[in-house]
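Reading through the C-alpha cells given below for one structure.
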Amino acid sequence: MAAVALPLEPESQLHPERLDPALGQTIQVDLAYAGPWPAALSWDGVDQAEGTQAWVTLTSLGETVLRVDGAEVVLDVQPARNRSDLIRLPIGKRPVPDADRACFDPRFPALSGPWIVACEGGKVARALPIQGGEERLLEPAIKSPGIGASGVYGLSRGGWSSQDWGWQAGKPAPLSPVAPLGVGLEQVVVLTADAVVRMPWDAGQRRALPAAPASWYAPAVSEQAVVWVDRRDAAWTGLDVLRLSEDGQSAQVLVRAPGDQAHVAASEQWVAWIEPHFVVVQDLHSGERRRYPSDTHTASGLSLWGPVACWEHWNGEDVDAVCSDGLIADGPGHQRSPSRYQGWMLYRDGERTMVATAVELVWDDDAPRAQRLGARVSGPSAYQGAWVPEGVRYSLPPLEGDWTLEQWQDGAWISLGPYFQDVMATDAVRAVRIP
Amino acid sequence: MSADALKAWVPQLAGLAVLGLLVALVVSSGVDPRVLPGLRGLGAVVLWGVAATGLGGALLSRARVGEALALGVGVLGLLLLLLGALGMLSTWMLGGVALAACCGWILKPELQVDLDPAVLWVLVPVAALGLGVALAPPVDTDEIYQHLALPKLMLNTGGLVGGMLTPDGSRPVPLHLNYTALLAFGGSAGPKLFHLGAALLLMAEVHRLGEKLASRAGWGALAVLVGSYTVLRELGLADNNLPAALMCLYALRAQLDNAPWRMALFSGLALSIKYTAAPVVFGLYFCDLVQRRDLKRSALATVLALGMVTPWWLRNLFEGLHPLFPYAGWPAGDRFVFAYIERYGMGRDALSMLMLPWNATLHGDPTKYQGFLGRISPLGLAAIPGMALAAWKARERPAFAVVLGTAAFAWLGWTLGAHWLRYLLPAAPLLALAVGLGVSQLPKWGQALALGVALIGLPSNLRPVLEQVQPLAKVSFGAGERQALLEEEVPGYSAIQWVNEEAPADARVALTFAWAGYYLDKPYLLGSVEDHVPMRHLLYLHGPETVDVLRQLGVTHVVSGRVRFIHKSYPFLSDAIFREQFSDPEAVWEALLLENATLVYRDGRYGVWRL
C-alpha cells in the first residue's frame with residue numbers, strides 16, 4: 001500500500017463520550033492524533049492497545065477539566081443521569097411497491113430529503129415523494145450515482161437537485177472514483193485512489209487534496225464538513241476517519257484508533273461513523289462523541305439526519321434497521337439498508353422496500369439538540385428519571401407535515417400547541433404527528 | 001561447417017532472429033505501452049509455437065507443420081502434468097521446458113506447409129475479427145472461471161489444482177498447462193492469440209482436406225465454419241473446443257492416410273482436451289474398423305489413444321476422486337450432476353430428436369437455453385441432398401464413407417448429450433467436411449442455391465458476433481477504456497479488485513457463487529462450475545458448519561455473489577427439488593455470511609466478507 005504525503009495536523013481537541021457525564025459514570029475520551037503509532041502520549045491511562053483512547057471515571061460534581069498535551073476539555077459532571085437505553089418510538093410501517101425494483105447499486109433505493117430515489121431497469125431513474133404525490137422521472141438514468149439530501153449526482157454527467165429534480169449538467173470529469181460520490185448542497189466530493197477531489201455541481205473547478213481514501217466507503221459531505229475513510233495507516237491502525245480542514249488545504253485526523261472506523265456520514269454539525277462494536281456520532285462544535293453499542297458487522301452504510309444515526313444492527317438472529325433516537329424496524333427476516341429523513345426511515349425488508357414512519361419524536365435533556373441551563377435533578381416522575389429545574393433549551397429540527405408539541409410534566413405529556421423549533425422546558429418534549 | 005549445413009540452419013536462425021527482435025521490442029522503452037501486451041502475447045505464441053512444433057516434429061519426423069505443432073502441444077501437456085504434480089510450475093521452469101522442446105529442431109524434422117493462398121482471403125478478415133477479442137482483456141465467462149483462471153491459479157500455486165474445492169482443475173488439462181506457459185510468458189494475450197492461431201490453422205486445414213477429397217468441398221466446409229456464430233464466437237478466446245477439433249481433424253487425416261498410430265495419438269489428445277470429442281473418436285474408430293477390418297490394429301490404437309487420457313484418470317484416482325470427476329458428478333447420489341442436459345434445446349422426445357438439424361439451425365439463439373445457446377449456418381441444411389449423393393458414392397470413395405460416417409456418429413453423440421451447440425465444436429471439422437462433400441456433389445445450380453442459403457444465414461450469424469466483438473475491439477485497438485470494460489462485463493470485478501488491493505497480502509479467498517477467478521491475484525478455493533455446484537455441494541456436506549470449515553481451510557475472505565436461481569430455468573425439476581438444490585443453499589449461505597462474517601465491500605450482486 002503506497003504511503004501518501006498528507007499534511008496532517010493533530011487536533012487540539014479532546015473528544016469525550018459525554019460533555020455532561022453523571023457522577024460515578026465512566027466515559028471514553030479520545031484525542032485526535034496524527035503522530036507516529038503506537039502513540040506515546042504523556043497521558044495517564046493511555047496504553048498501547050487503546051492508543052489515544054482513555055477511560056475516565058468522574059468522581060466529583062461540577063466542572064472537571066481534562067488536559068492532554070495542551071488539549072483540554074471541560075466536563076460538566078451532573079448529579080443525576082438519564083437511563084441510556086433507547087426509548088422505542090411508536091411507528092407505522094407501509095410497503096412502497098413502486099420502489100421494490102432491484103437496483104444494480106445496493107445503496108438504492110434510498111432517501112434524498114423527503115424523496116425516495118428508486119430504480120428502473122437496475123438504474124436510478126425515479127424520485128417518489130415519500131408522502132405520496134407525483135413521481136419524477138430522472139433522465140438520463142444512472143447506474144450508480146452519488147446521493148445526498150441535496151440530490152443525486154453522476155460523475156461526468158451531472159445531477160438532479162432534490163429541490164425541483166431539475167437536471168444540472170456537469171462537465172466531464174476524467175476521474176476514477178474508488179467509492180460512491182459524496183453529494184452536498186453546492187459541491188460534489190470524489191474519492192480517487194490518491195486524492196479527495198471537490199468540485200461544484202457543474203464540475204467546473206476541481207480542487208484535489210492528496211489522500212489515501214479507502215475504496216467502497218462514500219465520503220460524507222455537509223455544509224460544515226467533508227469527511228472520508230482513509231487507509232493511509234491501515235497497516236497500523238486499520239481504517240481511520242479524516243476530515244478536510246476548514247480552509248480546505250489539509251486533512252485532519254478525526255479519529256485514528258485501533259480497528260476499522262468506516263461508513264462515514266454527515267448532517268448539519270454532526271458526523272458519524274461505524275467502529276467495531278459501536279456507532280459513533282460526533283458533534284463538530286462541541287467535540288462530544290456519542291457511542292451507541294451495536295453489532296454492525298452486516299452494515300453497508302450509515303444514514304444520518306442531524307444527530308440521529310440509523311444503521312443495520314445484528315440482533316443475534318437477524319438484521320434490524322435501528323436509529324439512535326429509538327426508531328426501529330425489526331421483525332422476522334432482515335431489515336436492511338436504512339435511510340433516514342425526519343420522521344421517515346426507508347429500508348429493505350427482504351425483497352420489499354418499506355417506510356417506517358415515526359408517530360412521535362422525543363427529545364429529553366440528554367438529546368444532542370438539548371442545551372441544559374442547570375444541573376439535573378433526580379425525580380421519580382421525570383421522563384427518564386431526571387429533570388432540569390433551570391430549564392433545557394431545545395433547538396428542534398424543522399419537520400414536514402402537521403405536528404403538535406408536548407412537554408413532559410409531572411409524569412404526563414402536556415400539550416404546547418402546534419410544533420415549533422425553539423423550545424424551553426424543564427423535562428423532555430415530544431412532537432406528535434397529526435394523522 | 002559446410003555451406004550446405006549452414007543453409008540447413010538458415011530457417012532456424014531466422015526464427016531465432018525474429019524471436020530476438022520481438023524480445024527486443026518488448027523490453028525496449030520506446031514501445032507504446034498499449035501495444036506491449038499484444039507484442040508480449042505474440043512473442044509468447046512464437047516461442048511456445050516454435051518449441052511445440054520442434055518437439056512434435058522430432059516425434060513425427062515427417063509431418064505437416066500443424067500436425068507437429070498439435071502433437072507437440074499434446075506431449076507438452078503430459079510433460080507439464082508431471083512438472084505440475086511436483087509443484088514446479090514456475091515461469092523459469094516453463095522457460096526451461098520451452099528451451100528443451102526447441103531442441104527437437106536439432107533432429108531436423110521434415111515439415112510441410114500446404115496452404116492454398118486463396119484461402120487467405122477468408123482467413124485474414126476472420127483473423128482480424130479474432131484479434132479484436134484476443135488483444136482485449138478476458139471477459140468471457142469460460143475464460144475467467146476456467147480456461148485462463150486455471151492456468152493463473154496453477155502459476156500462483158506452482159502446481160496442479162483440483163479436488164472438491166477446485167473441481168475445474170480435476171478435468172484433464174493438457175491444453176491448460178500449455179496455456180499456463182503462454183500466460184506466464186505473454187499475459188492473457190498469449191493463450192488467446194495461440195488459440196486464435198489454432199482456429200485459423202483448423203480452418204485452413206479443413207479447407208485443404210476438403211479440396212483434396214472433392215472439388216469445392218473445401219470451400220463448402222470453410223463456408224459453414226465461417227458462417228456459423230458458434231464457431232466465430234470462439235475466435236480470440238482462450239478456449240478448448242477448437243483445439244480439440246483440430247486434434248479430431250488430424251486424427252481423421254491420419255485415418256485417411258492409413259497412419260493408425262497418429263490417428264490414435266491425435267484421438268487421445270482430442271479426448272484429453274475435451275471429452276465432447278468422444279463421439280468423433282468413436283465414430284472414427286468404428287469407420288476405421290469397418291474399412292480396414294483389422295481388429296488387432298484397432299485394439300492397439302485404442303490402447304494408445306486411451307493411454308493419452310489415462311494419466312488424468314489416474315491423477316483423479318490418486319486423489320480419491322472418480323476418474324471422470326467432475327463430469328461424473330459429485331459424491332452425493334443424483335443431487336449434484338455436472339450439468340442438467342434437459343436445460344438445453346427444444347426437447348428430447350423422438351420427434352424433437354428427429355427435428356434437431358432443423359431446430360438447431362432455424363431456432364438457434366445465442367442467448368437462450370432453448371435456442372441451443374448458439375447459431376449455425378443454414379448451409380448444412382441446404383447440403384443434405386448433396387450429402388445423400390455423397391453417401392451414395394461412398395462405395396467408390398472410401399474417404400467419403402469415413403468422413404460421412406464419422407460425422408454421423410459425431411452428430412448422434414451430440415444429440416444424446418446436452419443440446420448446446422458449443423458441444424458440437426470438436427466435431428465441427430467433420431461436420432463441415434460432410435457439408436462440404438454435400439456441396440461438392442450438388443449440380444452447379446444446386447451449389448449456387450446452397451451459396452445463396454449460406455449468404456442468407458450470414459447476417460444473423462455475424463450480427464451477434466460483431467456485437468460481442470465491438471466493445472472488446474475498441475479496447476484492443478485503443479479506443480476504449482480497459483477498466484470500464486472490465487467493470488461492465490466481468491461479474492464481481494470490483495469485488496475481486498477490492499480483494500487484490502485491500503485485503504492483507506496473506507489473505508486466502510473463497511469464491512462462492514462467483515466466476516471471475518482469473519482476476520484474483522491471490523490463491524483461492526471453490527469458484528464456480530456449471531450451476532455453481534462446488535458451493536452448493538459444500539453447503540450440502542457441512543450445512544451450518546460451512547463457515548467454520550472454510551476458516552479451518554485458512555480462508556480469510558469470501559467473495560460471494562447473488563445468483564437468484566429461477567425455477568423457470570430448471571422447469572424439469574419439481575418445486576421441492578429446485579428449492580432443496582438451488583434456492584435453499586443460496587439462502588442458507590447468505591444467512592451464514594450475515595451471521596458469521598463482516599461485510600467489507602459490496603458492489604451490485606457481489607460482496608466481500610471477512611471471516
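Simple scheme: letters A, B, ... for chains in C-alpha cells order, numbers from 1 for residues in each chain, numbers from 1 for ligands in the order shown.
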Need to verify the contact set: Ala208 (chain A), 8 Å, only C-alpha atoms, exclusion of same-chain residues closer than 5 positions in sequence. Can you return it as number ranges by chain? A: 195-198
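Residues in contact with Gly184 (chain A) at 8 Å, where only C-alpha atoms are counted and same-chain residues fewer than 6 positions away are skipped, are listed as A:Gly148, A:Ala149, A:Ser150, A:Gly151, A:Val221, A:Ser222, A:Glu223.
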Quick one: which chain A residues come within 9 Å of chain B, and what is the nearest atom pair for each with the distance in Å to one decimal, counting only C-alpha atoms, rows ordered by chain and ascending number, as JSON lines?
{"residue": "A:Met1", "atom": "CA", "partner": "B:Glu501", "partner_atom": "CA", "distance": 8.0}
{"residue": "A:Cys103", "atom": "CA", "partner": "B:Gly604", "partner_atom": "CA", "distance": 7.8}
{"residue": "A:Phe104", "atom": "CA", "partner": "B:Gly604", "partner_atom": "CA", "distance": 4.9}
{"residue": "A:Asp105", "atom": "CA", "partner": "B:Gly604", "partner_atom": "CA", "distance": 4.9}
{"residue": "A:Pro106", "atom": "CA", "partner": "B:Gly604", "partner_atom": "CA", "distance": 5.6}
{"residue": "A:Arg107", "atom": "CA", "partner": "B:Gly604", "partner_atom": "CA", "distance": 8.8}
{"residue": "A:Ala214", "atom": "CA", "partner": "B:Glu502", "partner_atom": "CA", "distance": 8.3}
{"residue": "A:Ser215", "atom": "CA", "partner": "B:Trp498", "partner_atom": "CA", "distance": 7.5}
{"residue": "A:Trp216", "atom": "CA", "partner": "B:Tyr601", "partner_atom": "CA", "distance": 6.2}
{"residue": "A:Tyr217", "atom": "CA", "partner": "B:Tyr601", "partner_atom": "CA", "distance": 8.5}
{"residue": "A:Thr296", "atom": "CA", "partner": "B:Thr598", "partner_atom": "CA", "distance": 8.3}
{"residue": "A:His297", "atom": "CA", "partner": "B:Thr598", "partner_atom": "CA", "distance": 4.6}
{"residue": "A:Thr298", "atom": "CA", "partner": "B:Leu599", "partner_atom": "CA", "distance": 5.3}
{"residue": "A:Ala299", "atom": "CA", "partner": "B:Leu599", "partner_atom": "CA", "distance": 6.7}
{"residue": "A:Ser300", "atom": "CA", "partner": "B:Leu599", "partner_atom": "CA", "distance": 7.0}
{"residue": "A:Trp314", "atom": "CA", "partner": "B:Glu595", "partner_atom": "CA", "distance": 7.8}
{"residue": "A:Gly316", "atom": "CA", "partner": "B:Glu595", "partner_atom": "CA", "distance": 7.6}
{"residue": "A:Glu317", "atom": "CA", "partner": "B:Glu595", "partner_atom": "CA", "distance": 7.4}
{"residue": "A:Asp318", "atom": "CA", "partner": "B:Glu595", "partner_atom": "CA", "distance": 7.5}
{"residue": "A:Val319", "atom": "CA", "partner": "B:Leu594", "partner_atom": "CA", "distance": 8.2}
I need the alpha helix (DSSP H) residues of region 63-189 of chain B per DSSP on the backbone, written as an NGL selection string. :B and (65-85 or 91-102 or 120-134 or 141-142 or 149-157 or 174-186 or 189)
Identify, on the basis of only C-alpha atoms, every residue whose closest approach to region 252-262 of chain A does not exceed 6 Å; exclude the query and any residue fewer than 3 positions from it along the same chain; express the result as a PyMOL selection string. chain A and resi 8-9+32+229+237-243+273-275
Keeping C-alpha atoms for every residue in the selection just given, could you write it to a file as a PDB file, in the first residue's frame?
ATOM      1  CA  LEU A   8      -1.928  16.022   8.814  1.00  0.00           C
ATOM      2  CA  GLU A   9      -2.273  18.155  11.880  1.00  0.00           C
ATOM      3  CA  ALA A  32      -7.417  13.098  17.549  1.00  0.00           C
ATOM      4  CA  VAL A 229     -12.441   6.904   5.381  1.00  0.00           C
ATOM      5  CA  THR A 237      -4.486   1.305  12.938  1.00  0.00           C
ATOM      6  CA  GLY A 238      -6.848  -0.109  10.322  1.00  0.00           C
ATOM      7  CA  LEU A 239      -9.103   2.333   8.523  1.00  0.00           C
ATOM      8  CA  ASP A 240      -9.331   5.821  10.008  1.00  0.00           C
ATOM      9  CA  VAL A 241     -11.599   8.816   9.503  1.00  0.00           C
ATOM     10  CA  LEU A 242     -10.159  12.071   8.185  1.00  0.00           C
ATOM     11  CA  ARG A 243     -11.734  15.453   7.775  1.00  0.00           C
ATOM     12  CA  TRP A 273     -19.031   6.537  11.601  1.00  0.00           C
ATOM     13  CA  ILE A 274     -19.131   2.873  12.454  1.00  0.00           C
ATOM     14  CA  GLU A 275     -16.344   1.335  14.508  1.00  0.00           C
TER      15      GLU A 275
END
From B:Leu148, B:Leu237, B:Ser569, B:Gly218, residue lying nearest Ile341 (chain B) [only C-alpha atoms]: B:Ser569
Show me, as an MDAnalysis selection string, the residues that have an atom within 8 Å of region 415-420 of chain B when counting only C-alpha atoms, minus same-chain residues fewer than 2 positions from it. chainID B and resid 340:345 353 356 369 372:374 411:413 422:424
Taking N, CA and C atoms for each residue, export the selection above as a CSV table (one decimal), in the first residue's frame.
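Resulting contents of selection.csv:
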chain,number,residue,atom,x,y,z
B,340,TYR,N,-27.3,-30.2,-16.1
B,340,TYR,CA,-28.6,-30.8,-16.5
B,340,TYR,C,-28.8,-30.7,-18.0
B,341,ILE,N,-28.7,-31.8,-18.7
B,341,ILE,CA,-28.8,-31.7,-20.1
B,341,ILE,C,-30.2,-31.3,-20.6
B,342,GLU,N,-31.2,-31.5,-19.7
B,342,GLU,CA,-32.6,-31.1,-20.1
B,342,GLU,C,-32.7,-29.6,-20.3
B,343,ARG,N,-31.8,-28.8,-19.7
B,343,ARG,CA,-31.9,-27.4,-19.8
B,343,ARG,C,-31.7,-26.9,-21.3
B,344,TYR,N,-31.0,-27.7,-22.1
B,344,TYR,CA,-30.6,-27.2,-23.4
B,344,TYR,C,-31.5,-27.7,-24.5
B,345,GLY,N,-31.9,-26.9,-25.4
B,345,GLY,CA,-32.5,-27.3,-26.6
B,345,GLY,C,-34.1,-27.3,-26.5
B,353,MET,N,-35.8,-35.1,-31.4
B,353,MET,CA,-34.5,-35.6,-31.9
B,353,MET,C,-34.4,-35.6,-33.4
B,356,LEU,N,-34.0,-32.2,-34.8
B,356,LEU,CA,-32.8,-31.4,-34.3
B,356,LEU,C,-32.1,-30.6,-35.4
B,369,TYR,N,-31.3,-20.9,-23.6
B,369,TYR,CA,-31.0,-22.3,-23.5
B,369,TYR,C,-31.9,-23.1,-24.5
B,372,PHE,N,-30.5,-23.5,-28.0
B,372,PHE,CA,-29.2,-24.2,-28.1
B,372,PHE,C,-28.0,-23.3,-27.8
B,373,LEU,N,-28.2,-22.2,-27.2
B,373,LEU,CA,-27.1,-21.2,-26.9
B,373,LEU,C,-26.1,-21.0,-28.0
B,374,GLY,N,-26.6,-21.0,-29.2
B,374,GLY,CA,-25.7,-20.8,-30.3
B,374,GLY,C,-26.5,-20.6,-31.6
B,411,TRP,N,-22.6,-36.4,-34.8
B,411,TRP,CA,-24.0,-35.8,-34.6
B,411,TRP,C,-24.8,-36.6,-33.7
B,412,LEU,N,-24.8,-37.9,-33.9
B,412,LEU,CA,-25.6,-38.8,-33.0
B,412,LEU,C,-25.2,-38.6,-31.5
B,413,GLY,N,-23.9,-38.6,-31.3
B,413,GLY,CA,-23.4,-38.4,-30.0
B,413,GLY,C,-23.8,-37.1,-29.3
B,422,ARG,N,-22.3,-25.4,-28.7
B,422,ARG,CA,-20.8,-25.4,-28.5
B,422,ARG,C,-20.2,-26.8,-28.3
B,423,TYR,N,-21.0,-27.7,-27.7
B,423,TYR,CA,-20.6,-29.0,-27.5
B,423,TYR,C,-20.3,-29.8,-28.8
B,424,LEU,N,-20.8,-29.2,-29.9
B,424,LEU,CA,-20.7,-29.8,-31.2
B,424,LEU,C,-19.3,-29.4,-31.9
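Residues in contact with Pro311 (chain B) at 9 Å, where only C-alpha atoms are counted and same-chain residues fewer than 4 positions away are skipped, are listed as Leu78, Leu81, Pro172, Gly307, Arg315 and Asn316 of chain B.
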Write out as a PyMOL selection string the residues lying within 12 Å of Trp219 (chain B), counting only C-alpha atoms and excluding same-chain residues fewer than 5 positions away. chain B and resi 116+118-119+121-122+203-214+224-227+379+432-440+447+450-451+454
Name the residues of region 35-258 of chain B that come out as strand (DSSP E or B) in a backbone DSSP run; write them as an MDAnalysis selection string. chainID B and resid 62:64 110:112
Which polymer residues have any atom within 12 Å of an atom of Phe318 (chain B), counting only C-alpha atoms, with same-chain residues fewer than 3 positions away left out, as a ChimeraX atom specification? /B:85,162-163,170,311-315,321-323
Please write the residues from the selection above to a file, keeping N, CA and C atoms, as a short mmCIF file (atom, residue, chain, number, x, y, z; two decimals), in the first residue's frame.
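Writing done, so here's again-v7.cif:
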data_model
loop_
_atom_site.label_atom_id
_atom_site.label_comp_id
_atom_site.auth_asym_id
_atom_site.auth_seq_id
_atom_site.Cartn_x
_atom_site.Cartn_y
_atom_site.Cartn_z
N ALA B 85 2.65 -31.91 -10.99
CA ALA B 85 2.50 -32.82 -9.85
C ALA B 85 3.64 -32.65 -8.86
N GLY B 162 -7.01 -28.96 -7.96
CA GLY B 162 -8.12 -29.87 -8.23
C GLY B 162 -8.77 -30.33 -6.95
N GLY B 163 -9.65 -31.31 -7.08
CA GLY B 163 -10.37 -31.82 -5.92
C GLY B 163 -11.69 -31.12 -5.75
N SER B 170 -9.72 -30.61 -11.80
CA SER B 170 -9.68 -32.07 -11.88
C SER B 170 -10.06 -32.59 -13.27
N PRO B 311 -3.38 -40.86 -17.79
CA PRO B 311 -2.73 -40.12 -16.69
C PRO B 311 -3.68 -39.22 -15.93
N TRP B 312 -4.64 -38.65 -16.64
CA TRP B 312 -5.60 -37.75 -15.98
C TRP B 312 -6.56 -38.53 -15.11
N TRP B 313 -6.95 -39.71 -15.59
CA TRP B 313 -7.85 -40.54 -14.78
C TRP B 313 -7.12 -41.02 -13.54
N LEU B 314 -5.84 -41.42 -13.73
CA LEU B 314 -5.05 -41.90 -12.58
C LEU B 314 -4.88 -40.80 -11.55
N ARG B 315 -4.65 -39.62 -12.05
CA ARG B 315 -4.47 -38.48 -11.13
C ARG B 315 -5.69 -38.33 -10.23
N LEU B 321 -10.78 -39.42 -6.08
CA LEU B 321 -11.95 -38.95 -6.84
C LEU B 321 -12.32 -39.96 -7.92
N HIS B 322 -13.52 -39.82 -8.43
CA HIS B 322 -13.92 -40.61 -9.59
C HIS B 322 -13.00 -40.20 -10.75
N PRO B 323 -12.54 -41.19 -11.56
CA PRO B 323 -11.62 -40.82 -12.64
C PRO B 323 -12.18 -39.72 -13.55
#
Find, counting only C-alpha atoms, the residue in A:Pro79, A:Arg340, A:Asp366, A:Leu399 that gets nearest to Trp115 (chain A). A:Arg340
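Here CA of Arg62 (chain B) stands at a distance of 18.8 Å from CA of Leu76 (chain B).
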From CA of Val359 (chain A) to CA of Leu416 (chain A) the spacing works out at 17.0 Å
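Of note, CA of Asp402 (chain A) and CA of Ala382 (chain A) are spaced 27.1 Å apart.
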